[in-house]
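Coordinates from upload17.cif are shown below (mmCIF, C-alpha atoms and all ligand atoms).
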data_entry
loop_
_atom_site.label_atom_id
_atom_site.label_comp_id
_atom_site.auth_asym_id
_atom_site.auth_seq_id
_atom_site.Cartn_x
_atom_site.Cartn_y
_atom_site.Cartn_z
CA MET V 15 -9.29 -11.08 12.51
CA ALA V 16 -10.13 -13.26 15.53
CA THR V 17 -12.23 -16.27 14.62
CA PHE V 18 -14.30 -18.90 16.44
CA LYS V 19 -15.60 -22.34 15.55
CA ALA V 20 -19.30 -22.91 14.85
CA ALA V 21 -21.31 -25.93 13.69
CA GLN V 22 -23.24 -25.28 10.49
CA PHE V 23 -25.44 -27.26 8.09
CA THR V 24 -24.31 -26.86 4.50
CA SER V 25 -27.78 -27.79 3.12
CA TYR V 26 -31.01 -29.39 4.33
CA GLY V 27 -30.29 -32.89 5.59
CA GLY V 28 -29.00 -35.06 8.43
CA PRO V 29 -25.81 -35.04 10.54
CA ASP V 30 -23.63 -35.69 7.46
CA LYS V 31 -24.42 -32.13 6.32
CA ILE V 32 -22.78 -30.63 9.42
CA VAL V 33 -19.42 -28.89 9.14
CA ILE V 34 -17.40 -26.97 11.73
CA SER V 35 -16.46 -23.58 10.28
CA ASP V 36 -14.23 -20.72 11.36
CA LEU V 37 -16.19 -17.45 11.54
CA PRO V 38 -15.27 -13.92 12.70
CA ILE V 39 -16.05 -13.46 16.42
CA PRO V 40 -19.13 -11.20 16.60
CA THR V 41 -19.21 -8.06 18.73
CA ALA V 42 -21.97 -6.93 21.11
CA ASP V 43 -22.80 -3.88 18.98
CA GLU V 44 -26.47 -3.45 19.89
CA PRO V 45 -27.19 -1.79 23.26
CA ASP V 46 -28.92 -4.96 24.58
CA SER V 47 -26.43 -7.48 23.10
CA VAL V 48 -24.59 -10.02 25.21
CA LEU V 49 -21.74 -12.05 23.71
CA ILE V 50 -21.47 -15.45 25.41
CA LYS V 51 -18.45 -17.73 25.46
CA VAL V 52 -20.26 -21.03 25.14
CA HIS V 53 -19.43 -23.78 27.65
CA ALA V 54 -22.27 -26.14 26.72
CA ALA V 55 -25.21 -26.28 24.31
CA SER V 56 -28.15 -28.67 24.39
CA LEU V 57 -30.01 -30.03 21.40
CA ASN V 58 -33.79 -30.10 21.00
CA PRO V 59 -35.95 -31.79 18.35
CA ILE V 60 -36.32 -28.42 16.58
CA ASP V 61 -32.59 -28.49 15.75
CA TRP V 62 -32.76 -31.61 13.57
CA LYS V 63 -36.27 -30.81 12.29
CA ARG V 64 -35.11 -27.37 11.13
CA ALA V 65 -32.00 -28.87 9.51
CA GLU V 66 -34.10 -31.44 7.65
CA GLY V 67 -36.45 -28.76 6.28
CA MET V 68 -39.45 -29.71 8.44
CA MET V 69 -39.96 -26.07 9.49
CA LYS V 70 -39.93 -24.82 5.87
CA MET V 71 -43.62 -23.97 6.07
CA LEU V 72 -42.92 -21.53 8.88
CA VAL V 73 -39.34 -20.28 8.44
CA LYS V 74 -37.30 -19.78 5.30
CA GLU V 75 -33.70 -20.78 6.05
CA SER V 76 -30.53 -19.79 4.26
CA PHE V 77 -27.30 -21.80 4.19
CA PRO V 78 -24.83 -22.31 5.73
CA LEU V 79 -27.21 -22.64 8.68
CA ARG V 80 -26.07 -22.13 12.27
CA THR V 81 -27.66 -24.51 14.76
CA GLY V 82 -28.60 -24.69 18.47
CA TYR V 83 -30.96 -22.65 20.68
CA ASP V 84 -29.90 -23.59 24.23
CA VAL V 85 -26.73 -22.30 25.84
CA SER V 86 -24.86 -22.08 29.12
CA GLY V 87 -21.68 -20.04 29.20
CA VAL V 88 -19.84 -16.97 30.42
CA VAL V 89 -20.45 -13.35 29.38
CA SER V 90 -17.57 -12.22 27.18
CA SER V 91 -18.74 -8.67 26.33
CA VAL V 92 -21.91 -6.60 26.65
CA GLY V 93 -23.66 -3.81 24.73
CA SER V 94 -23.79 -0.25 26.10
CA GLY V 95 -27.31 -0.62 27.58
CA VAL V 96 -26.91 -3.98 29.34
CA THR V 97 -27.57 -3.69 33.09
CA LYS V 98 -28.41 -7.23 34.25
CA PHE V 99 -25.12 -8.91 33.32
CA LYS V 100 -21.42 -8.06 33.32
CA VAL V 101 -18.35 -9.64 31.76
CA GLY V 102 -17.51 -12.89 33.58
CA ASP V 103 -21.09 -13.69 34.71
CA GLU V 104 -22.25 -17.28 34.16
CA VAL V 105 -25.49 -17.18 32.16
CA PHE V 106 -27.88 -19.58 30.45
CA GLY V 107 -30.71 -19.09 28.00
CA ARG V 108 -32.77 -20.02 24.99
CA ILE V 109 -31.54 -17.51 22.44
CA GLY V 110 -33.72 -15.91 19.77
CA GLN V 111 -34.42 -17.03 16.21
CA ALA V 112 -32.21 -14.25 14.81
CA GLU V 113 -29.18 -15.40 16.83
CA VAL V 114 -29.51 -19.20 16.49
CA GLY V 115 -26.18 -20.97 16.76
CA THR V 116 -25.29 -22.11 20.28
CA VAL V 117 -23.36 -25.11 18.94
CA ALA V 118 -20.30 -22.90 18.66
CA GLU V 119 -17.56 -21.30 20.75
CA TYR V 120 -19.40 -17.95 20.88
CA VAL V 121 -22.99 -16.83 20.46
CA LEU V 122 -24.80 -13.50 20.72
CA SER V 123 -28.05 -13.04 22.62
CA THR V 124 -30.16 -10.16 23.79
CA GLU V 125 -30.13 -9.44 27.52
CA ALA V 126 -33.85 -10.17 28.05
CA LYS V 127 -33.50 -13.80 26.92
CA LEU V 128 -30.83 -14.70 29.50
CA ALA V 129 -30.67 -15.43 33.21
CA LEU V 130 -27.82 -16.07 35.63
CA LYS V 131 -26.89 -19.74 35.60
CA PRO V 132 -28.11 -21.54 38.75
CA LYS V 133 -25.08 -22.01 41.01
CA SER V 134 -26.06 -25.60 41.78
CA LEU V 135 -25.90 -26.66 38.12
CA THR V 136 -22.83 -27.26 35.96
CA HIS V 137 -22.81 -25.66 32.51
CA VAL V 138 -23.60 -29.08 31.02
CA GLN V 139 -26.70 -29.38 33.22
CA ALA V 140 -27.76 -25.73 32.82
CA ALA V 141 -27.64 -25.95 29.02
CA GLY V 142 -30.34 -28.63 29.28
CA VAL V 143 -32.88 -26.36 30.93
CA PRO V 144 -33.93 -23.30 28.88
CA LEU V 145 -36.00 -24.44 25.87
CA THR V 146 -37.70 -27.37 27.59
CA GLY V 147 -38.11 -25.59 30.93
CA LEU V 148 -39.65 -22.50 29.32
CA THR V 149 -41.98 -24.55 27.12
CA ALA V 150 -43.32 -26.45 30.13
CA TYR V 151 -43.57 -23.25 32.21
CA GLN V 152 -45.42 -21.35 29.48
CA VAL V 153 -47.97 -24.12 28.87
CA LEU V 154 -48.69 -24.44 32.60
CA GLU V 155 -48.97 -20.68 33.03
CA LYS V 156 -51.03 -19.86 29.91
CA SER V 157 -53.49 -22.65 30.65
CA ASN V 158 -54.03 -21.38 34.20
CA PHE V 159 -53.35 -24.92 35.33
CA ALA V 160 -52.86 -23.94 38.99
CA SER V 161 -56.51 -22.83 39.18
CA LYS V 162 -58.04 -25.99 37.61
CA PRO V 163 -60.50 -27.73 39.94
CA SER V 164 -58.61 -30.95 40.73
CA ARG V 165 -55.24 -30.13 39.13
CA LYS V 166 -54.90 -33.55 37.47
CA ILE V 167 -52.50 -33.40 34.54
CA PHE V 168 -51.33 -35.86 31.90
CA ILE V 169 -47.80 -35.30 30.58
CA PRO V 170 -46.92 -38.03 28.07
CA ALA V 171 -43.27 -38.99 27.42
CA GLY V 172 -42.29 -38.10 30.98
CA ALA V 173 -38.62 -38.98 30.50
CA GLY V 174 -38.17 -36.78 27.41
CA GLY V 175 -36.73 -33.27 27.48
CA ILE V 176 -40.14 -31.62 27.95
CA GLY V 177 -41.57 -34.34 30.18
CA VAL V 178 -38.75 -34.09 32.74
CA MET V 179 -39.29 -30.34 33.11
CA ALA V 180 -43.10 -30.38 32.92
CA ILE V 181 -43.49 -33.02 35.66
CA GLN V 182 -41.28 -31.10 38.07
CA LEU V 183 -42.66 -27.63 37.28
CA ALA V 184 -46.25 -28.90 37.51
CA LYS V 185 -45.46 -30.33 40.95
CA HIS V 186 -43.31 -27.59 42.47
CA LEU V 187 -44.48 -24.35 40.80
CA PHE V 188 -48.04 -25.05 39.63
CA ASN V 189 -49.38 -27.10 42.54
CA ALA V 190 -50.37 -30.26 40.62
CA GLU V 191 -52.40 -32.76 42.64
CA THR V 192 -51.99 -35.77 40.30
CA ILE V 193 -49.44 -36.14 37.51
CA ALA V 194 -49.79 -39.02 35.06
CA THR V 195 -47.22 -39.88 32.41
CA THR V 196 -46.19 -42.52 29.88
CA VAL V 197 -42.76 -44.11 29.51
CA SER V 198 -41.25 -47.42 28.46
CA GLU V 199 -40.46 -49.91 31.24
CA ALA V 200 -36.83 -48.96 31.95
CA LYS V 201 -37.84 -45.36 32.72
CA ILE V 202 -40.66 -46.00 35.23
CA ASP V 203 -38.57 -45.36 38.37
CA ILE V 204 -36.94 -42.29 36.82
CA VAL V 205 -40.26 -40.47 36.33
CA LYS V 206 -41.61 -41.57 39.73
CA ASP V 207 -38.53 -40.00 41.25
CA LEU V 208 -39.29 -36.74 39.39
CA GLY V 209 -42.79 -36.64 40.89
CA ALA V 210 -45.10 -38.61 38.59
CA ASP V 211 -47.97 -40.23 40.54
CA VAL V 212 -49.43 -42.47 37.82
CA VAL V 213 -47.06 -44.07 35.31
CA VAL V 214 -48.28 -46.04 32.29
CA ASP V 215 -45.85 -48.22 30.32
CA TYR V 216 -47.02 -47.10 26.89
CA LYS V 217 -45.54 -50.14 25.18
CA LYS V 218 -47.70 -52.50 27.26
CA GLU V 219 -50.87 -50.54 28.03
CA ASP V 220 -53.14 -48.12 26.20
CA TYR V 221 -53.17 -44.98 28.36
CA THR V 222 -56.52 -43.88 26.94
CA GLN V 223 -58.06 -46.95 28.63
CA VAL V 224 -56.37 -46.33 31.99
CA LEU V 225 -56.53 -42.56 32.56
CA LYS V 226 -59.84 -40.73 33.08
CA ASP V 227 -61.15 -37.31 34.10
CA TYR V 228 -57.97 -35.29 33.80
CA ASP V 229 -58.21 -31.47 33.85
CA MET V 230 -55.39 -31.03 31.43
CA ALA V 231 -52.95 -32.71 29.08
CA ILE V 232 -49.77 -31.44 27.45
CA ASP V 233 -49.43 -33.17 24.09
CA THR V 234 -45.70 -33.84 23.67
CA THR V 235 -46.06 -36.77 21.25
CA GLY V 236 -48.48 -35.62 18.55
CA GLU V 237 -51.14 -38.13 19.70
CA THR V 238 -53.41 -35.14 20.19
CA LYS V 239 -56.78 -36.65 19.35
CA GLN V 240 -56.25 -39.77 21.50
CA GLN V 241 -55.52 -37.53 24.46
CA PHE V 242 -58.97 -35.88 24.26
CA ALA V 243 -60.33 -39.21 25.61
CA ILE V 244 -58.68 -38.90 29.01
CA LEU V 245 -59.91 -35.35 29.70
CA LYS V 246 -63.08 -34.43 31.56
CA PRO V 247 -65.61 -32.28 29.66
CA GLY V 248 -64.34 -28.71 29.77
CA GLY V 249 -60.75 -30.02 30.11
CA THR V 250 -57.78 -28.30 28.48
CA LEU V 251 -55.24 -29.66 26.02
CA TYR V 252 -52.14 -27.76 24.96
CA SER V 253 -50.21 -29.35 22.13
CA ILE V 254 -46.59 -28.51 21.45
CA ALA V 255 -46.19 -31.33 18.93
CA ALA V 256 -49.13 -30.92 16.52
CA LEU V 257 -49.51 -28.02 14.04
CA PRO V 258 -50.38 -24.41 14.91
CA ASN V 259 -53.26 -22.59 13.19
CA SER V 260 -52.54 -19.26 11.45
CA GLU V 261 -53.09 -17.19 14.60
CA GLU V 262 -50.81 -19.37 16.76
CA ALA V 263 -48.12 -19.49 14.06
CA ASN V 264 -48.25 -15.74 13.42
CA ALA V 265 -47.62 -15.05 17.10
CA VAL V 266 -44.07 -16.40 16.62
CA PHE V 267 -43.28 -16.80 12.90
CA PRO V 268 -45.29 -14.47 10.63
CA VAL V 269 -46.42 -16.95 7.95
CA GLY V 270 -48.32 -14.76 5.51
CA PHE V 271 -51.88 -15.07 4.19
CA PHE V 272 -51.55 -18.17 1.98
CA MET V 273 -49.58 -20.31 4.45
CA GLY V 274 -51.93 -19.17 7.20
CA LYS V 275 -54.88 -20.53 5.23
CA VAL V 276 -53.04 -23.82 4.66
CA LEU V 277 -52.42 -24.17 8.42
CA ASP V 278 -56.06 -23.36 9.20
CA VAL V 279 -57.25 -26.08 6.79
CA LEU V 280 -54.73 -28.63 8.14
CA THR V 281 -55.73 -28.00 11.76
CA TYR V 282 -59.49 -27.64 11.20
CA LYS V 283 -60.45 -31.29 11.86
CA LEU V 284 -58.59 -31.43 15.16
CA ARG V 285 -60.20 -28.21 16.38
CA TRP V 286 -63.61 -29.45 15.30
CA ALA V 287 -63.04 -32.72 17.23
CA ALA V 288 -61.97 -30.73 20.31
CA ASN V 289 -65.05 -28.50 20.12
CA SER V 290 -67.38 -31.45 19.73
CA LYS V 291 -65.91 -33.00 22.91
CA ASN V 292 -65.96 -29.68 24.79
CA ILE V 293 -62.16 -29.59 25.04
CA ASP V 294 -60.34 -26.26 25.27
CA TYR V 295 -57.60 -26.94 22.70
CA HIS V 296 -54.54 -24.81 21.87
CA TYR V 297 -51.16 -25.13 20.21
CA LEU V 298 -48.27 -23.29 21.88
CA PHE V 299 -44.92 -22.16 20.51
CA MET V 300 -42.51 -21.40 23.32
CA SER V 301 -40.71 -18.07 23.41
CA PRO V 302 -37.44 -17.10 25.09
CA ASN V 303 -37.88 -15.31 28.41
CA GLY V 304 -35.06 -14.54 30.86
CA THR V 305 -37.39 -13.64 33.75
CA GLN V 306 -39.24 -16.96 33.63
CA LEU V 307 -35.93 -18.77 33.18
CA ALA V 308 -34.57 -17.15 36.36
CA GLU V 309 -37.61 -18.51 38.23
CA ILE V 310 -36.94 -22.00 36.85
CA GLY V 311 -33.25 -21.64 37.79
CA ASN V 312 -34.21 -20.70 41.38
CA LEU V 313 -36.13 -23.95 41.63
CA ALA V 314 -32.94 -25.82 40.69
CA ASP V 315 -30.99 -23.95 43.38
CA GLN V 316 -33.69 -24.87 45.92
CA GLY V 317 -33.13 -28.53 45.06
CA LYS V 318 -36.61 -28.87 43.50
CA LEU V 319 -35.59 -29.28 39.86
CA LYS V 320 -33.36 -32.06 38.61
CA VAL V 321 -31.75 -31.94 35.19
CA LEU V 322 -31.39 -35.32 33.51
CA VAL V 323 -28.48 -35.54 31.09
CA ASP V 324 -28.99 -38.36 28.60
CA SER V 325 -25.58 -38.00 26.97
CA THR V 326 -22.72 -35.52 26.56
CA PHE V 327 -20.74 -35.16 23.32
CA PRO V 328 -17.53 -33.21 22.63
CA PHE V 329 -17.52 -30.20 20.32
CA THR V 330 -15.80 -31.96 17.42
CA LEU V 331 -17.25 -32.76 14.01
CA GLU V 332 -17.81 -36.37 15.04
CA GLY V 333 -19.19 -35.34 18.44
CA VAL V 334 -21.72 -32.89 16.99
CA ARG V 335 -22.84 -35.36 14.31
CA ASP V 336 -23.26 -38.10 16.95
CA ALA V 337 -25.22 -35.72 19.20
CA PHE V 338 -27.64 -34.91 16.36
CA ALA V 339 -28.04 -38.61 15.58
CA ARG V 340 -28.82 -39.36 19.25
CA GLN V 341 -31.34 -36.48 19.48
CA LYS V 342 -33.12 -37.61 16.33
CA GLN V 343 -33.66 -41.15 17.66
CA GLY V 344 -36.28 -39.67 20.02
CA ARG V 345 -35.26 -42.06 22.82
CA ALA V 346 -33.32 -39.68 25.08
CA THR V 347 -33.84 -39.73 28.85
CA GLY V 348 -33.50 -36.01 29.50
CA LYS V 349 -31.16 -33.94 27.39
CA VAL V 350 -28.50 -34.43 24.74
CA ILE V 351 -25.63 -31.99 25.44
CA ILE V 352 -22.63 -30.78 23.48
CA GLN V 353 -19.83 -29.74 25.85
CA VAL V 354 -17.82 -27.01 24.17
CA ILE V 355 -15.33 -26.30 27.00
N1 LIG V 401 -44.04 -26.00 20.35
C1 LIG V 401 -42.90 -25.78 21.00
O1 LIG V 401 -42.54 -24.63 21.32
C2 LIG V 401 -42.02 -26.96 21.37
C3 LIG V 401 -40.99 -26.79 22.28
C4 LIG V 401 -40.24 -27.91 22.64
C5 LIG V 401 -40.50 -29.16 22.07
N2 LIG V 401 -41.51 -29.25 21.16
C6 LIG V 401 -41.84 -30.58 20.58
O2 LIG V 401 -42.24 -31.43 21.66
C7 LIG V 401 -41.90 -32.78 21.34
C8 LIG V 401 -41.16 -33.40 22.53
O3 LIG V 401 -39.92 -32.75 22.70
P1 LIG V 401 -38.82 -33.35 23.70
O4 LIG V 401 -37.71 -32.37 23.78
O5 LIG V 401 -39.45 -33.81 24.95
O6 LIG V 401 -38.36 -34.64 22.87
P2 LIG V 401 -37.34 -35.79 23.26
O7 LIG V 401 -36.56 -35.39 24.47
O8 LIG V 401 -36.59 -36.17 22.04
O9 LIG V 401 -38.29 -37.03 23.65
C9 LIG V 401 -37.70 -38.26 23.85
C10 LIG V 401 -38.53 -39.08 24.81
O10 LIG V 401 -39.82 -39.34 24.27
C11 LIG V 401 -40.23 -40.64 24.68
N3 LIG V 401 -41.24 -41.11 23.72
C12 LIG V 401 -41.15 -41.16 22.39
N4 LIG V 401 -42.32 -41.58 21.86
C13 LIG V 401 -43.17 -41.78 22.90
C14 LIG V 401 -44.52 -42.20 23.01
N5 LIG V 401 -45.26 -42.49 21.92
N6 LIG V 401 -45.07 -42.25 24.23
C15 LIG V 401 -44.36 -41.95 25.34
N7 LIG V 401 -43.06 -41.56 25.30
C16 LIG V 401 -42.48 -41.47 24.10
C17 LIG V 401 -38.95 -41.45 24.67
O11 LIG V 401 -39.07 -42.47 25.62
P3 LIG V 401 -38.93 -44.03 25.19
O12 LIG V 401 -37.48 -44.24 24.85
O13 LIG V 401 -39.36 -44.72 26.44
O14 LIG V 401 -39.85 -44.23 24.04
C18 LIG V 401 -37.90 -40.42 25.12
O15 LIG V 401 -37.65 -40.49 26.51
C19 LIG V 401 -41.12 -32.72 20.04
O16 LIG V 401 -42.00 -33.00 18.97
C20 LIG V 401 -40.67 -31.28 19.95
O17 LIG V 401 -40.45 -30.84 18.63
C21 LIG V 401 -42.26 -28.19 20.79
#
Take the structure I supplied and represent it as structure tokens, if you would.
Ligand SMILES: NC(=O)c1ccc[n+]([C@@H]2O[C@H](COP(=O)([O-])OP(=O)(O)OC[C@H]3O[C@@H](n4cnc5c(N)ncnc54)[C@H](OP(=O)(O)O)[C@@H]3O)[C@@H](O)[C@H]2O)c1
Amino acid sequence: MATFKAAQFTSYGGPDKIVISDLPIPTADEPDSVLIKVHAASLNPIDWKRAEGMMKMLVKESFPLRTGYDVSGVVSSVGSGVTKFKVGDEVFGRIGQAEVGTVAEYVLSTEAKLALKPKSLTHVQAAGVPLTGLTAYQVLEKSNFASKPSRKIFIPAGAGGIGVMAIQLAKHLFNAETIATTVSEAKIDIVKDLGADVVVDYKKEDYTQVLKDYDMAIDTTGETKQQFAILKPGGTLYSIAALPNSEEANAVFPVGFFMGKVLDVLTYKLRWAANSKNIDYHYLFMSPNGTQLAEIGNLADQGKLKVLVDSTFPFTLEGVRDAFARQKQGRATGKVIIQVI
């Protein structure tokens, strides 16, 4: 039986729990299945959080646990109903929860979650786009940001995975007028180059004292309540880093009645604070979407979307462990990538 190598966690824990295992190569049995030969995978905070058991409230994991959501690679085989892709196509995507495991030589996806890789990006760069690009896109679209009165947006942590994508998508797809962000000193020029208009060095200045009257903020840091202060009355805040309530969680991970109640209690105070300040507050879980990803990819091919690669690691046990350690530090400028081929 033909086998492939895949990174797996043997139990909840840190990089020392990772092993590289030989598994049987899967086949694209379902009509909409696409088997991808992985060239590169990028890591996201969810990868280490999931491995450390921080998502236990929402998803029950079983071990050994495959890891990695973002992929760029080449189509190796397709299911009988696949029409958008053929063997040999270069594709990228954020694969679904049921298929997680892009840190591997092969991974399965469904057709709808993939898009053709932008020609202007290498596999290493393209692997850094899907999860962060789609999250930023979905927040900006769901919030109707493009129709806000003055289109002033605050995107904290502008040099992080989400920040890099959100600044550029806000500017080039959602017509932002003013983009403010926070970074530490060494990253100021990097985010200005991406399109940030107002940059606050968060280690030296309190952004809540400097920024005023914004239409919207995307909470990427979990400092949700502080960010209410910079919004105008009637402003909108989407958090991707706080906790969802039961309705927001159930949209992605059905959590059941009891856990739903727990989430509602845990998030009540924040929602009450938002209401009392007339802030339209939401939590958003991103979802994979090949159509939106193609739109983001087009922007890269038009030269309007840069991908920042923080670091690239080889697909060896040491390389994968080092990549997880780097991602967990929370200091990356752009994306942490594992190059498989
Ligand atoms: N809900 C969803 O669907 C969803 C999707 C994607 C991500 N997320 C969440 O969104 C968060 C951000 O993800 P990410 O991929 O952008 O993370 P990341 O790439 O690991 O972020 C690293 C960056 O954050 C900056 N940073 C850290 N603390 C900061 C602070 N207090 N103020 C300003 N900048 C700060 C660091 O810059 P310095 O070195 O200068 O500090 C670094 O450049 C994570 O919590 C992640 O789990 C949620």
Compute the set of protein, DNA and RNA residues whose minimum atom distance to ligand LIG 401 (chain V) is at most 6 Å, using all atoms listed in the file, and state it as a PDB file with C-alpha atoms, keeping the file's coordinate frame.
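Writing the result to pocket11.pdb gives the following:
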ATOM      1  CA  ASN V  58     -33.790 -30.100  21.000  1.00  0.00           C
ATOM      2  CA  PRO V  59     -35.950 -31.790  18.350  1.00  0.00           C
ATOM      3  CA  ILE V  60     -36.320 -28.420  16.580  1.00  0.00           C
ATOM      4  CA  THR V 146     -37.700 -27.370  27.590  1.00  0.00           C
ATOM      5  CA  THR V 149     -41.980 -24.550  27.120  1.00  0.00           C
ATOM      6  CA  PRO V 170     -46.920 -38.030  28.070  1.00  0.00           C
ATOM      7  CA  ALA V 171     -43.270 -38.990  27.420  1.00  0.00           C
ATOM      8  CA  ALA V 173     -38.620 -38.980  30.500  1.00  0.00           C
ATOM      9  CA  GLY V 174     -38.170 -36.780  27.410  1.00  0.00           C
ATOM     10  CA  GLY V 175     -36.730 -33.270  27.480  1.00  0.00           C
ATOM     11  CA  ILE V 176     -40.140 -31.620  27.950  1.00  0.00           C
ATOM     12  CA  GLY V 177     -41.570 -34.340  30.180  1.00  0.00           C
ATOM     13  CA  THR V 196     -46.190 -42.520  29.880  1.00  0.00           C
ATOM     14  CA  VAL V 197     -42.760 -44.110  29.510  1.00  0.00           C
ATOM     15  CA  SER V 198     -41.250 -47.420  28.460  1.00  0.00           C
ATOM     16  CA  TYR V 216     -47.020 -47.100  26.890  1.00  0.00           C
ATOM     17  CA  THR V 234     -45.700 -33.840  23.670  1.00  0.00           C
ATOM     18  CA  THR V 235     -46.060 -36.770  21.250  1.00  0.00           C
ATOM     19  CA  ILE V 254     -46.590 -28.510  21.450  1.00  0.00           C
ATOM     20  CA  ALA V 255     -46.190 -31.330  18.930  1.00  0.00           C
ATOM     21  CA  LEU V 298     -48.270 -23.290  21.880  1.00  0.00           C
ATOM     22  CA  PHE V 299     -44.920 -22.160  20.510  1.00  0.00           C
ATOM     23  CA  MET V 300     -42.510 -21.400  23.320  1.00  0.00           C
ATOM     24  CA  GLN V 341     -31.340 -36.480  19.480  1.00  0.00           C
ATOM     25  CA  GLY V 344     -36.280 -39.670  20.020  1.00  0.00           C
ATOM     26  CA  ARG V 345     -35.260 -42.060  22.820  1.00  0.00           C
ATOM     27  CA  ALA V 346     -33.320 -39.680  25.080  1.00  0.00           C
ATOM     28  CA  THR V 347     -33.840 -39.730  28.850  1.00  0.00           C
ATOM     29  CA  GLY V 348     -33.500 -36.010  29.500  1.00  0.00           C
TER      30      GLY V 348
END
key: Residue contacts of Leu245 of chain V (6 Å, only C-alpha atoms) excluding same-chain residues fewer than 4 positions away, as a PyMOL selection string   = chain V and resi 227-229+249
ask   = Neighbours of Ser25 of chain V within 10 Å (all atoms listed in the file; same-chain residues fewer than 3 positions away dropped), as number ranges by chain?
value = V: 22, 28, 30-32, 65-67, 75-79
task = Measuring atom to atom with all atoms listed in the file, identify which of V:Ala308, V:Leu277, V:Ala184, V:Asp43 is nearest to Leu208 of chain V.
result =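 Looking at the shortest contact to Leu208 of chain V, the residue is V:Ala184.
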key: Atom pair atom CA of Leu135 of chain V / atom CA of Asp103 of chain V: separation (Å)   =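 Result for atom CA of Leu135 of chain V versus atom CA of Asp103 of chain V: 14.2 Å, one decimal.
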Show me as a PDB file with C-alpha atoms, keeping the file's coordinate frame the residues that reach within 8 Å of (-53.9, -42.8, 23.0), counting all atoms listed in the file and using the file's own coordinates.
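The resulting file, selection-v5.pdb, is shown below:
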ATOM      1  CA  ASP V 220     -53.140 -48.120  26.200  1.00  0.00           C
ATOM      2  CA  TYR V 221     -53.170 -44.980  28.360  1.00  0.00           C
ATOM      3  CA  THR V 222     -56.520 -43.880  26.940  1.00  0.00           C
ATOM      4  CA  GLU V 237     -51.140 -38.130  19.700  1.00  0.00           C
ATOM      5  CA  LYS V 239     -56.780 -36.650  19.350  1.00  0.00           C
ATOM      6  CA  GLN V 240     -56.250 -39.770  21.500  1.00  0.00           C
ATOM      7  CA  GLN V 241     -55.520 -37.530  24.460  1.00  0.00           C
ATOM      8  CA  ALA V 243     -60.330 -39.210  25.610  1.00  0.00           C
TER       9      ALA V 243
END
request  = Find, counting only C-alpha atoms, the residue in V:Ala256, V:Leu72, V:Leu57, V:Leu145 that gets nearest to Ile351 of chain V.
outcome  = V:Leu57
task = Quick one: everything within 7 Å of segment 315-326 of chain V, counting all atoms listed in the file, minus sequence neighbours fewer than 4 positions away in the same chain. Send it as a list in words.
result =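 Close residues of segment 315-326 of chain V: Pro132, Lys133, Ser134, Gln139, Gly142, Gln182, His186, Gly311, Ala346, Thr347, Gly348, Lys349, Val350, Ile351, Ile352 and Gln353 of chain V.
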What would the file look like if the residues just selected were written as a CSV table (one decimal), in the coordinates of the input with C-alpha atoms?
chain,number,residue,atom,x,y,z
V,132,PRO,CA,-28.1,-21.5,38.8
V,133,LYS,CA,-25.1,-22.0,41.0
V,134,SER,CA,-26.1,-25.6,41.8
V,139,GLN,CA,-26.7,-29.4,33.2
V,142,GLY,CA,-30.3,-28.6,29.3
V,182,GLN,CA,-41.3,-31.1,38.1
V,186,HIS,CA,-43.3,-27.6,42.5
V,311,GLY,CA,-33.2,-21.6,37.8
V,346,ALA,CA,-33.3,-39.7,25.1
V,347,THR,CA,-33.8,-39.7,28.8
V,348,GLY,CA,-33.5,-36.0,29.5
V,349,LYS,CA,-31.2,-33.9,27.4
V,350,VAL,CA,-28.5,-34.4,24.7
V,351,ILE,CA,-25.6,-32.0,25.4
V,352,ILE,CA,-22.6,-30.8,23.5
V,353,GLN,CA,-19.8,-29.7,25.8
Exercise: Ser90 of chain V partners within 7 Å, all atoms listed in the file, chain neighbours under 3 positions left out, as a JSON list (two decimals) with C-alpha atoms, in the coordinates of the input:
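Result went into out.json, see below:
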[["chain", "number", "residue", "atom", "x", "y", "z"],
["V", 49, "LEU", "CA", -21.74, -12.05, 23.71],
["V", 50, "ILE", "CA", -21.47, -15.45, 25.41],
["V", 51, "LYS", "CA", -18.45, -17.73, 25.46],
["V", 101, "VAL", "CA", -18.35, -9.64, 31.76],
["V", 102, "GLY", "CA", -17.51, -12.89, 33.58]]
request  = For atom CA of Phe272 of chain V and atom CA of Met71 of chain V, quote the distance in Å rounded to one decimal.
outcome  =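 One can read the atom CA of Phe272 of chain V to atom CA of Met71 of chain V distance as 10.6 Å.
A cut-off of 10 Å from the point (-56.6, -25.0, 12.0), with all atoms listed in the file, picks out the residues V:Leu257, V:Pro258, V:Asn259, V:Ser260, V:Glu261, V:Glu262, V:Gly274, V:Lys275, V:Val276, V:Leu277, V:Asp278, V:Val279, V:Leu280, V:Thr281, V:Tyr282, V:Lys283, V:Leu284, V:Arg285, V:Trp286, V:Tyr297.
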message = With all atoms listed in the file as the counted atoms, please give the residues lying no more than 10 Å from Lys206 of chain V, apart from itself and same-chain residues fewer than 3 positions off, as a count of residues only.
response = 13
message = Taking all atoms listed in the file into account, name the residue in V:Pro29, V:Gly248, V:Gly107, V:Pro45 that is nearest to Val334 of chain V.
response =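 Between V:Pro29, V:Gly248, V:Gly107, V:Pro45, the residue approaching Val334 of chain V most closely is V:Pro29.
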request  = Considering all atoms listed in the file, state which residue in the set V:Ser47, V:Thr116, V:Arg64, V:Val52 is at the smallest distance from Thr97 of chain V.
outcome  = V:Ser47
Given all atoms listed in the file as the counted atoms, nearest of V:His137, V:Lys74, V:Lys63, V:Lys185 to Ser86 of chain V =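 Using all atoms listed in the file, Ser86 of chain V sits closest to V:His137.
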